[in-house]
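Asks: Okay, so here is coords27.txt, and as you'll see once you scroll down, it has compact mmCIF, C-alpha atoms and all ligand atoms.
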# COMPACT_ATOMS: atom_id res chain seq x y z
CA MET A 443 0.00 0.00 0.00
CA LYS A 444 1.27 3.47 -0.91
CA ARG A 445 1.06 6.08 1.81
CA PRO A 446 -0.63 9.35 0.80
CA ILE A 447 1.98 11.94 -0.26
CA GLY A 448 0.03 14.85 1.24
CA GLU A 449 1.21 14.04 4.75
CA VAL A 450 4.38 15.87 5.68
CA GLN A 451 7.01 13.59 7.10
CA ASP A 452 10.50 14.80 7.99
CA GLY A 453 11.63 16.82 5.00
CA ARG A 454 9.67 14.93 2.39
CA ARG A 455 8.21 17.05 -0.41
CA THR A 456 4.43 17.23 -0.52
CA THR A 457 4.00 19.49 -3.57
CA CYS A 458 5.49 19.32 -7.06
CA ARG A 459 8.77 21.21 -7.34
CA SER A 460 7.75 22.41 -10.81
CA CYS A 461 4.03 23.30 -10.83
CA GLY A 462 3.30 23.32 -7.09
CA GLY A 463 0.51 20.77 -7.55
CA THR A 464 -0.33 18.34 -4.75
CA ARG A 465 -1.13 15.28 -6.87
CA LEU A 466 2.24 13.57 -6.57
CA HIS A 467 2.06 9.87 -7.34
CA ARG A 468 4.90 8.01 -5.62
CA PHE A 469 5.77 5.06 -7.83
CA LEU A 470 9.20 3.97 -6.65
CA ASP A 471 10.74 3.61 -3.19
CA LEU A 472 14.41 2.61 -3.23
CA GLY A 473 14.62 2.83 0.56
CA ASP A 474 17.02 4.85 2.71
CA MET A 475 20.15 5.34 0.61
CA PRO A 476 23.57 6.72 1.43
CA ARG A 477 24.95 9.37 -0.93
CA SER A 478 25.67 7.44 -4.09
CA ASP A 479 29.27 8.59 -4.60
CA ALA A 480 30.28 8.79 -0.93
CA LEU A 481 32.68 5.86 -0.67
CA LEU A 482 34.02 5.73 2.83
CA ALA A 483 36.86 4.39 4.95
CA PRO A 484 36.01 1.09 6.69
CA GLU A 485 36.35 2.73 10.12
CA ALA A 486 33.81 5.45 9.18
CA VAL A 487 30.84 3.19 8.44
CA ASP A 488 29.13 3.83 11.77
CA SER A 489 28.70 7.54 11.01
CA GLU A 490 27.33 7.03 7.51
CA ARG A 491 24.20 9.07 6.75
CA ARG A 492 21.23 7.86 4.74
CA PHE A 493 18.37 9.72 3.12
CA PRO A 494 15.07 8.41 1.73
CA LEU A 495 15.16 7.84 -2.04
CA GLN A 496 11.60 7.88 -3.35
CA VAL A 497 10.42 8.95 -6.77
CA ALA A 498 7.09 10.50 -7.75
CA PHE A 499 5.23 11.50 -10.90
CA CYS A 500 3.34 14.81 -10.86
CA THR A 501 -0.12 14.08 -12.19
CA ASP A 502 -0.55 17.78 -13.01
CA CYS A 503 2.63 18.74 -14.93
CA THR A 504 4.18 15.25 -15.53
CA LEU A 505 7.52 16.02 -13.87
CA VAL A 506 9.22 12.98 -12.33
CA GLN A 507 11.05 13.96 -9.14
CA ILE A 508 12.51 12.67 -5.93
CA LEU A 509 10.59 13.42 -2.77
CA TYR A 510 13.42 14.18 -0.37
CA ASP A 511 16.03 16.87 -0.99
CA VAL A 512 19.49 16.40 0.44
CA PRO A 513 20.75 19.96 1.10
CA PRO A 514 22.89 21.08 -1.92
CA PRO A 515 26.01 21.89 0.15
CA GLU A 516 26.10 18.21 1.18
CA LEU A 517 26.05 17.23 -2.47
CA PHE A 518 28.12 19.85 -4.30
CA GLY A 519 30.39 21.47 -1.73
CA ALA A 520 34.16 21.51 -1.56
CA GLU A 521 34.19 17.73 -1.76
CA TYR A 522 32.47 17.65 -5.14
CA ARG A 523 35.08 15.98 -7.33
CA TYR A 524 33.52 15.77 -10.77
CA PHE A 525 35.59 17.57 -13.41
CA SER A 526 33.99 17.62 -16.86
CA SER A 527 37.40 17.60 -18.53
CA TYR A 528 37.97 13.96 -17.53
CA ALA A 529 35.28 12.55 -19.81
CA ASP A 530 36.40 12.31 -23.43
CA ALA A 531 33.03 11.78 -25.12
CA LEU A 532 31.54 14.70 -23.21
CA LEU A 533 34.44 16.96 -24.22
CA ALA A 534 34.01 16.24 -27.92
CA HIS A 535 30.26 16.80 -27.63
CA ALA A 536 30.78 20.14 -25.84
CA LYS A 537 33.28 21.39 -28.44
CA GLU A 538 30.87 20.59 -31.25
CA HIS A 539 28.01 22.30 -29.40
CA ALA A 540 30.12 25.45 -28.81
CA GLU A 541 31.28 25.66 -32.41
CA GLN A 542 27.75 25.09 -33.71
CA LEU A 543 26.38 27.89 -31.50
CA VAL A 544 29.06 30.34 -32.62
CA ALA A 545 28.44 29.54 -36.32
CA GLU A 546 24.64 29.35 -36.31
CA ARG A 547 24.06 32.37 -34.06
CA ARG A 548 26.92 34.31 -35.77
CA LEU A 549 28.39 35.14 -32.39
CA GLY A 550 31.20 37.68 -32.09
CA ALA A 551 32.79 40.19 -29.73
CA ASP A 552 29.48 42.03 -29.23
CA HIS A 553 27.74 38.98 -27.86
CA LEU A 554 27.61 37.36 -24.44
CA VAL A 555 27.30 33.63 -23.75
CA VAL A 556 26.55 32.55 -20.17
CA GLU A 557 26.91 28.95 -19.09
CA ILE A 558 25.34 27.68 -15.88
CA ALA A 559 27.27 24.82 -14.28
CA SER A 560 30.26 25.80 -16.37
CA ASN A 561 32.45 23.39 -14.37
CA ASP A 562 36.11 23.81 -15.39
CA GLY A 563 35.30 25.79 -18.56
CA TYR A 564 35.33 22.68 -20.76
CA LEU A 565 32.66 24.18 -23.07
CA LEU A 566 33.06 27.95 -22.74
CA GLN A 567 36.75 27.75 -23.68
CA HIS A 568 35.65 27.02 -27.26
CA VAL A 569 33.21 29.95 -27.31
CA SER A 570 35.85 32.25 -25.83
CA ALA A 571 38.40 31.09 -28.43
CA ALA A 572 36.03 32.42 -31.13
CA GLY A 573 36.33 35.90 -29.61
CA VAL A 574 32.90 35.86 -27.91
CA ARG A 575 32.44 37.32 -24.41
CA VAL A 576 31.70 34.52 -21.93
CA LEU A 577 30.68 34.15 -18.30
CA GLY A 578 30.56 30.94 -16.29
CA VAL A 579 28.42 30.23 -13.24
CA ASP A 580 29.52 27.46 -10.88
CA PRO A 581 29.58 27.25 -7.08
CA ALA A 582 32.14 24.42 -6.88
CA PRO A 583 35.42 26.10 -5.82
CA ALA A 584 37.96 23.76 -7.44
CA GLN A 585 36.10 23.74 -10.75
CA ALA A 586 35.71 27.55 -10.76
CA ASP A 587 39.46 27.90 -10.05
CA ALA A 588 40.24 25.65 -13.01
CA ALA A 589 37.91 27.66 -15.29
CA GLU A 590 39.46 30.99 -14.27
CA ALA A 591 42.93 29.57 -14.89
CA ARG A 592 41.69 29.10 -18.46
CA GLY A 593 40.54 32.71 -18.65
CA ILE A 594 36.83 31.99 -18.11
CA PRO A 595 35.40 34.53 -15.61
CA THR A 596 33.18 32.57 -13.23
CA VAL A 597 30.47 33.59 -10.76
CA ARG A 598 30.77 31.22 -7.79
CA GLU A 599 27.14 30.85 -6.80
CA PHE A 600 24.11 28.62 -7.30
CA PHE A 601 22.03 30.00 -10.16
CA ASP A 602 18.50 31.34 -9.69
CA ASP A 603 16.38 34.34 -10.72
CA GLU A 604 18.03 36.66 -8.16
CA LEU A 605 21.53 35.88 -9.38
CA ALA A 606 20.30 36.31 -12.97
CA ALA A 607 19.16 39.86 -12.21
CA ARG A 608 22.56 40.70 -10.70
CA ILE A 609 24.36 39.24 -13.73
CA VAL A 610 22.23 41.41 -16.04
CA ASP A 611 23.17 44.50 -13.97
CA GLU A 612 26.88 43.74 -14.09
CA HIS A 613 27.37 42.09 -17.48
CA GLY A 614 24.25 42.82 -19.56
CA ARG A 615 21.87 40.32 -21.13
CA ALA A 616 23.01 37.12 -22.78
CA ASP A 617 22.56 36.07 -26.41
CA VAL A 618 22.88 32.43 -25.45
CA VAL A 619 22.36 30.79 -22.06
CA ILE A 620 23.67 27.24 -21.78
CA ALA A 621 22.66 24.82 -19.01
CA ASN A 622 23.89 21.28 -19.60
CA ASN A 623 23.39 18.47 -17.10
CA VAL A 624 22.36 20.83 -14.33
CA MET A 625 18.57 21.20 -14.45
CA ALA A 626 18.19 17.76 -12.89
CA HIS A 627 20.12 19.03 -9.87
CA VAL A 628 18.14 22.17 -9.02
CA PRO A 629 15.70 22.03 -6.12
CA ASP A 630 13.48 24.75 -7.66
CA PRO A 631 13.30 24.46 -11.46
CA ASN A 632 10.97 27.49 -11.76
CA ARG A 633 13.47 29.91 -10.25
CA PHE A 634 16.13 28.35 -12.45
CA VAL A 635 14.16 28.72 -15.70
CA ALA A 636 12.85 32.15 -14.69
CA GLY A 637 16.49 33.13 -14.16
CA MET A 638 17.47 31.95 -17.64
CA ARG A 639 14.59 33.96 -19.08
CA THR A 640 15.69 37.07 -17.13
CA LEU A 641 19.19 36.73 -18.59
CA LEU A 642 18.05 36.57 -22.20
CA GLN A 643 18.24 39.21 -24.90
CA PRO A 644 14.87 39.47 -26.71
CA ASP A 645 16.23 37.41 -29.63
CA GLY A 646 18.42 35.14 -27.47
CA ILE A 647 18.10 31.41 -26.86
CA VAL A 648 18.55 29.05 -23.96
CA THR A 649 19.95 25.60 -24.63
CA VAL A 650 19.47 22.91 -22.03
CA GLU A 651 20.71 19.32 -22.09
CA ASN A 652 19.70 16.53 -19.79
CA PRO A 653 19.28 12.76 -19.88
CA SER A 654 15.72 11.89 -20.88
CA VAL A 655 13.43 10.15 -18.39
CA VAL A 656 11.96 8.20 -21.31
CA GLU A 657 15.35 6.63 -22.01
CA LEU A 658 15.81 5.91 -18.29
CA VAL A 659 12.46 4.07 -18.16
CA ASP A 660 12.94 2.25 -21.48
CA ARG A 661 16.39 0.98 -20.42
CA CYS A 662 15.25 0.25 -16.85
CA ALA A 663 18.22 2.38 -15.75
CA PHE A 664 16.93 2.92 -12.21
CA ASP A 665 20.54 2.99 -11.01
CA THR A 666 20.83 6.55 -12.40
CA ILE A 667 18.22 7.67 -9.86
CA TYR A 668 20.05 9.26 -6.95
CA HIS A 669 19.80 12.18 -4.57
CA GLU A 670 21.89 14.43 -6.82
CA HIS A 671 19.25 14.01 -9.54
CA GLN A 672 16.18 15.72 -8.17
CA SER A 673 14.18 15.90 -11.42
CA TYR A 674 13.88 13.56 -14.44
CA TYR A 675 12.71 15.44 -17.51
CA SER A 676 10.67 14.52 -20.56
CA CYS A 677 9.86 16.87 -23.43
CA THR A 678 6.38 17.15 -21.98
CA SER A 679 7.51 18.31 -18.54
CA VAL A 680 10.12 20.69 -20.00
CA ASP A 681 7.53 22.20 -22.33
CA ARG A 682 5.25 22.93 -19.36
CA LEU A 683 8.11 24.21 -17.20
CA PHE A 684 9.31 26.57 -19.94
CA THR A 685 5.79 27.84 -20.70
CA ARG A 686 5.10 28.53 -17.03
CA ASN A 687 8.19 30.73 -16.92
CA GLY A 688 7.73 32.69 -20.13
CA LEU A 689 9.88 30.59 -22.46
CA ARG A 690 8.76 28.70 -25.53
CA LEU A 691 10.18 25.28 -26.36
CA VAL A 692 11.19 25.81 -30.01
CA ASP A 693 13.45 22.85 -30.74
CA VAL A 694 14.65 19.49 -29.43
CA GLU A 695 17.56 17.31 -30.55
CA GLU A 696 18.48 13.77 -29.50
CA PHE A 697 21.89 12.39 -28.53
CA PRO A 698 21.28 8.68 -27.92
CA GLN A 699 24.91 7.87 -27.01
CA LEU A 700 25.37 10.58 -24.39
CA HIS A 701 24.66 9.64 -20.72
CA GLY A 702 22.37 6.82 -21.90
CA GLY A 703 20.17 9.10 -24.03
CA THR A 704 20.30 12.88 -23.78
CA LEU A 705 17.90 15.51 -25.12
CA ARG A 706 18.86 19.10 -25.96
CA TRP A 707 16.00 21.58 -25.61
CA THR A 708 16.10 25.05 -27.12
CA GLY A 709 13.95 27.77 -25.58
CA ALA A 710 13.26 31.32 -26.74
CA LEU A 711 10.99 34.21 -25.82
CA GLY A 712 8.94 33.66 -28.96
CA GLY A 713 8.93 31.68 -32.20
CA THR A 714 7.26 28.54 -33.48
CA PRO A 715 8.05 25.04 -32.18
CA SER A 716 9.91 22.91 -34.74
CA ASP A 717 8.51 19.68 -36.18
CA ALA A 718 10.88 17.81 -33.86
CA VAL A 719 9.13 19.33 -30.83
CA THR A 720 5.70 18.28 -32.08
CA ARG A 721 6.98 14.81 -32.95
CA HIS A 722 8.54 14.28 -29.51
CA LEU A 723 5.49 15.54 -27.61
CA ASP A 724 3.19 13.32 -29.69
CA ALA A 725 5.42 10.26 -29.24
CA GLU A 726 5.58 10.81 -25.46
CA HIS A 727 1.81 11.14 -25.26
CA ASP A 728 1.33 7.96 -27.31
CA ALA A 729 3.74 6.06 -25.03
CA GLY A 730 1.89 7.27 -21.92
CA VAL A 731 4.81 9.32 -20.58
CA ASP A 732 2.20 11.79 -19.27
CA THR A 733 0.40 9.10 -17.24
CA ALA A 734 1.15 7.47 -13.88
CA GLY A 735 0.70 3.99 -15.36
CA TYR A 736 3.87 4.38 -17.44
CA TYR A 737 5.94 4.80 -14.27
CA ASP A 738 4.11 2.07 -12.35
CA GLY A 739 5.16 -0.33 -15.12
CA PHE A 740 8.74 0.84 -14.72
CA ALA A 741 8.59 0.31 -10.95
CA ARG A 742 7.43 -3.29 -11.48
CA ALA A 743 10.37 -3.87 -13.84
CA VAL A 744 12.76 -2.44 -11.23
CA ALA A 745 11.34 -4.69 -8.52
CA SER A 746 11.79 -7.77 -10.67
CA VAL A 747 15.40 -6.89 -11.60
CA CYS A 748 16.21 -6.50 -7.90
CA GLU A 749 14.45 -9.74 -6.90
CA ASP A 750 15.90 -11.78 -9.77
CA LEU A 751 19.40 -10.50 -9.17
CA ARG A 752 19.31 -11.27 -5.47
CA ALA A 753 17.89 -14.74 -6.13
CA LEU A 754 20.60 -15.40 -8.74
CA LEU A 755 23.45 -14.36 -6.42
CA ARG A 756 22.03 -16.37 -3.51
CA ASP A 757 21.80 -19.36 -5.79
CA LEU A 758 25.41 -18.94 -6.95
CA ARG A 759 26.55 -18.65 -3.34
CA ALA A 760 24.60 -21.80 -2.45
CA GLN A 761 26.46 -23.59 -5.24
CA GLY A 762 29.71 -22.55 -3.55
CA ARG A 763 30.65 -20.00 -6.20
CA SER A 764 32.40 -16.76 -5.32
CA VAL A 765 31.12 -13.53 -6.85
CA ALA A 766 32.76 -10.08 -7.13
CA ALA A 767 31.49 -6.89 -8.75
CA TYR A 768 33.02 -4.43 -11.23
CA GLY A 769 32.64 -0.62 -11.04
CA ALA A 770 32.59 1.36 -7.76
CA ALA A 771 30.60 4.27 -9.22
CA ALA A 772 27.38 5.98 -8.10
CA LYS A 773 25.15 3.66 -10.11
CA GLY A 774 26.79 0.65 -8.45
CA THR A 775 25.85 2.06 -5.04
CA ILE A 776 22.21 2.33 -6.08
CA LEU A 777 22.01 -1.13 -7.63
CA LEU A 778 23.74 -2.88 -4.72
CA ASN A 779 21.65 -1.14 -2.08
CA ALA A 780 18.32 -1.33 -3.93
CA ALA A 781 18.75 -5.07 -4.53
CA GLY A 782 20.22 -5.66 -1.07
CA LEU A 783 23.49 -7.15 -2.36
CA GLY A 784 25.98 -7.03 0.47
CA THR A 785 28.74 -9.13 1.98
CA ASP A 786 26.39 -12.14 2.23
CA VAL A 787 26.40 -12.62 -1.56
CA LEU A 788 29.42 -10.63 -2.83
CA ASP A 789 33.07 -10.65 -1.82
CA PHE A 790 34.43 -7.33 -3.10
CA VAL A 791 34.15 -4.67 -5.82
CA VAL A 792 36.98 -3.80 -8.22
CA ASP A 793 37.55 -0.39 -9.80
CA ARG A 794 40.27 1.19 -11.95
CA ASN A 795 40.38 4.42 -9.94
CA PRO A 796 43.21 4.14 -7.35
CA HIS A 797 41.57 6.82 -5.18
CA LYS A 798 38.79 4.36 -4.38
CA HIS A 799 40.99 1.46 -3.30
CA GLY A 800 40.89 0.69 0.42
CA LEU A 801 37.49 2.35 0.80
CA VAL A 802 34.13 0.58 1.02
CA MET A 803 30.97 0.98 -1.05
CA PRO A 804 28.31 3.23 0.52
CA GLY A 805 25.57 1.35 2.36
CA VAL A 806 26.57 -2.25 1.66
CA HIS A 807 30.20 -1.67 2.75
CA LEU A 808 31.82 -4.06 0.27
CA PRO A 809 35.58 -3.41 0.04
CA VAL A 810 36.88 -1.75 -3.15
CA LEU A 811 40.03 -3.33 -4.59
CA PRO A 812 42.18 -2.79 -7.69
CA VAL A 813 41.18 -4.68 -10.86
CA THR A 814 44.25 -6.91 -10.37
CA ALA A 815 42.31 -8.60 -7.53
CA LEU A 816 40.41 -10.51 -10.23
CA ALA A 817 43.59 -12.36 -11.25
CA GLU A 818 44.74 -12.80 -7.65
CA ARG A 819 41.49 -13.93 -6.03
CA ARG A 820 39.79 -15.44 -9.09
CA PRO A 821 36.11 -14.99 -8.28
CA ASP A 822 33.93 -17.44 -10.23
CA ASP A 823 31.52 -14.74 -11.39
CA LEU A 824 31.77 -11.00 -11.93
CA LEU A 825 28.70 -8.77 -11.59
CA ILE A 826 29.12 -5.79 -13.93
CA LEU A 827 27.72 -2.77 -12.08
CA ALA A 828 28.85 -0.46 -14.91
CA TRP A 829 26.55 -2.44 -17.23
CA ASN A 830 26.38 0.41 -19.75
CA PHE A 831 30.05 -0.38 -20.46
CA ALA A 832 29.62 -4.18 -20.31
CA ASP A 833 31.06 -4.85 -23.80
CA GLU A 834 34.15 -2.78 -23.05
CA ILE A 835 34.71 -4.39 -19.65
CA ILE A 836 34.31 -7.93 -21.01
CA GLN A 837 36.80 -7.05 -23.77
CA GLN A 838 39.33 -5.86 -21.17
CA GLN A 839 38.83 -8.94 -19.00
CA GLN A 840 39.61 -11.65 -21.56
CA ALA A 841 42.24 -13.22 -19.29
CA TYR A 842 39.67 -13.57 -16.50
CA ARG A 843 37.23 -15.06 -19.01
CA ARG A 844 39.76 -17.55 -20.42
CA ALA A 845 40.47 -18.72 -16.88
CA GLY A 846 36.79 -19.69 -16.61
CA GLY A 847 35.37 -16.48 -15.16
CA ARG A 848 31.78 -15.57 -16.05
CA PHE A 849 30.06 -12.19 -16.21
CA ILE A 850 26.66 -11.19 -14.86
CA ILE A 851 24.93 -8.29 -16.63
CA PRO A 852 22.16 -7.06 -14.30
CA ILE A 853 20.00 -4.77 -16.47
CA PRO A 854 17.46 -4.81 -18.19
CA GLU A 855 17.24 -8.33 -16.75
CA PRO A 856 19.99 -10.33 -15.05
CA ARG A 857 21.85 -12.67 -17.42
CA ILE A 858 25.08 -14.66 -17.31
CA VAL A 859 27.66 -14.28 -20.08
CA THR A 860 30.25 -17.05 -20.37
ZN ZN B 901 3.87 19.35 -11.26
Rewrite the structure of this file - the entire thing - as structure tokens.
Ligand code: ZN
Replies:
Amino acid sequence: MKRPIGEVQDGRRTTCRSCGGTRLHRFLDLGDMPRSDALLAPEAVDSERRFPLQVAFCTDCTLVQILYDVPPPELFGAEYRYFSSYADALLAHAKEHAEQLVAERRLGADHLVVEIASNDGYLLQHVSAAGVRVLGVDPAPAQADAAEARGIPTVREFFDDELAARIVDEHGRADVVIANNVMAHVPDPNRFVAGMRTLLQPDGIVTVENPSVVELVDRCAFDTIYHEHQSYYSCTSVDRLFTRNGLRLVDVEEFPQLHGGTLRWTGALGGTPSDAVTRHLDAEHDAGVDTAGYYDGFARAVASVCEDLRALLRDLRAQGRSVAAYGAAAKGTILLNAAGLGTDVLDFVVDRNPHKHGLVMPGVHLPVLPVTALAERRPDDLLILAWNFADEIIQQQQAYRRAGGRFIIPIPEPRIVT
């Protein structure tokens, strides 16, 4: 039985973060979760914090959202270690995006491009190189330092409508506002979108990229649901969010390979929506993306992945087989904890990042070892937590495979690869 969402219980959201409506349909409860990327020292496990991870669909505006907000400083403070410049595919995508904007919008020295969540300047550097005035916005200190070292002036604050007004006073209005992979992280999307609108020149555009909730559901990628991701957008929910804040959704592009399926939305103060916008909105409506039933189906698929995976690992353990896991990343934390896969069914997790060795996985507290542990300890089976890179990992682990090792790919349904 689902509890009614309208009752306030310690910090849990009772109204939609986008439209303010009260008809939130909770469809998924992943339990109390630690922060997904907070690997910890074995001696620190007693002080580990957990927060409820529950997901709801807004029956009024269709936005999918988590119901409990971990305060942003806990998530993106001085400890926030993600540098965009470490991901090759993302870098190439950003360069292409920057060059396309400069060419199509004919940007020059008289124009201003503002990027929200500019990170280390990985994108704006290419706009700046074309002689265009740029301004980054990013509260993470190490990333802002790195951007400024590249000559990208950076405002070190969280973006909202108030900051937008101050930026307009100091720097003027922007011809292009870019917000990639950030709108999922903002507690109040209205103030965020209203801020982008405030920043815009009358003929300017905003360009926003985010993984699509439709791809997440279709791929059963529930392990990308974590506290850092507060909202999960479809074209439908973005269209309504933009409209509510004075922007029109005029175009949408798809990037299927990026972050498991990314959409780029273009907003403007006026103009006519492109055919692509109409096509996407129609397709989402036909698939039921604007109905609660669509997400209930997803939740059933998640429950069966978790049950099947746990049953499989218990069975392997009963047969006397040893099982390890590959990939100590955020999604691994979610999968292990949601399915309840701890030290009773797994021995350890391996990862290529030396900074993670000697620590334990959040929640389940499995030790993280170097990849060489596979050759030394020879587990019979290897659960691939980074299942989106399964082909690549299996390729790299041919020696393990030749020695008789098998792989378990958990999603969309658990299967063994010999
Ligand atoms: Zn809503």
Asks: Tell me, as a list of chain:residue names, which residues lie within 8 Å of A:Val859, counting all atoms listed in the file; anything in the same chain fewer than 4 positions away does not count.
Replies: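 Result of the neighbour search: A:Arg848, A:Phe849, A:Ile850, A:Ile851.
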Asks: Let me see if you get this right: every residue at most 8 Å from ligand ZN 901 (chain B), counting only C-alpha atoms and all ligand atoms, written as an MDAnalysis selection string.
Replies: chainID A and resid 457:466 499:505
Asks: Check the smallest atom-to-atom distance from each of A:Glu538, A:Glu726, A:Asp511, A:Glu604 to A:Glu670 using only C-alpha atoms, then report the winner.
Replies: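 Ranked by minimum distance to A:Glu670, first place goes to A:Asp511.
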Asks: Looking at A:Ala534, A:Ala743, A:Ala770, A:Val579, which one is nearest to A:Val806, with distances taken over all atoms listed in the file?
Replies: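 Ranking A:Ala534, A:Ala743, A:Ala770, A:Val579 by distance to A:Val806, first place goes to A:Ala770.
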Asks: Excluding stretch 623-628 of chain A and its own-chain neighbours fewer than 4 positions away, which residues fall within 12 Å of it when counting all atoms listed in the file? Please give them as a ChimeraX atom specification.
Replies: /A:459-460,505-508,511-515,517-518,526,532,536,557-561,579-580,600-602,632-635,638,649-655,666-676,680,683,700-701,704-707
Asks: How many Å separate atom CA of A:Ala586 from atom CA of A:Leu565?
Replies: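 These atoms are spaced 13.1 Å apart.
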Asks: By how many Å are atom CA of A:Val765 and atom CA of A:Val787 apart?
Replies: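 That distance, rounded to one decimal, is 7.1 Å.
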Asks: Could you check which of A:Gly805, A:Glu599, A:Leu788, A:Val576 is closest to A:Asp488, using all atoms listed in the file?
Replies: A:Gly805
Asks: Could you state the separation of atom CA of A:Val792 and atom CA of A:Ala531 in Å, given to one decimal place?
Replies: 23.3 Å
Asks: When you look at stretch 809-818 of chain A with a cut-off of 6 Å (counting all atoms listed in the file), what residues show up, excluding the ones that are within fewer than 3 positions of it in the same chain? I need them as a list in words.
Replies: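 What passes the distance filter is Phe790, Val791, Val792, Asp793, His799, Gly800, Leu801 and Val802 of chain A.
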Asks: Here is a test: counting all atoms listed in the file, which residue of A:Gly762, A:Cys662, A:Thr733, A:Gln643 is nearest to A:Ala710?
Replies: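 That would be A:Gln643, the residue with the smallest distance to A:Ala710.
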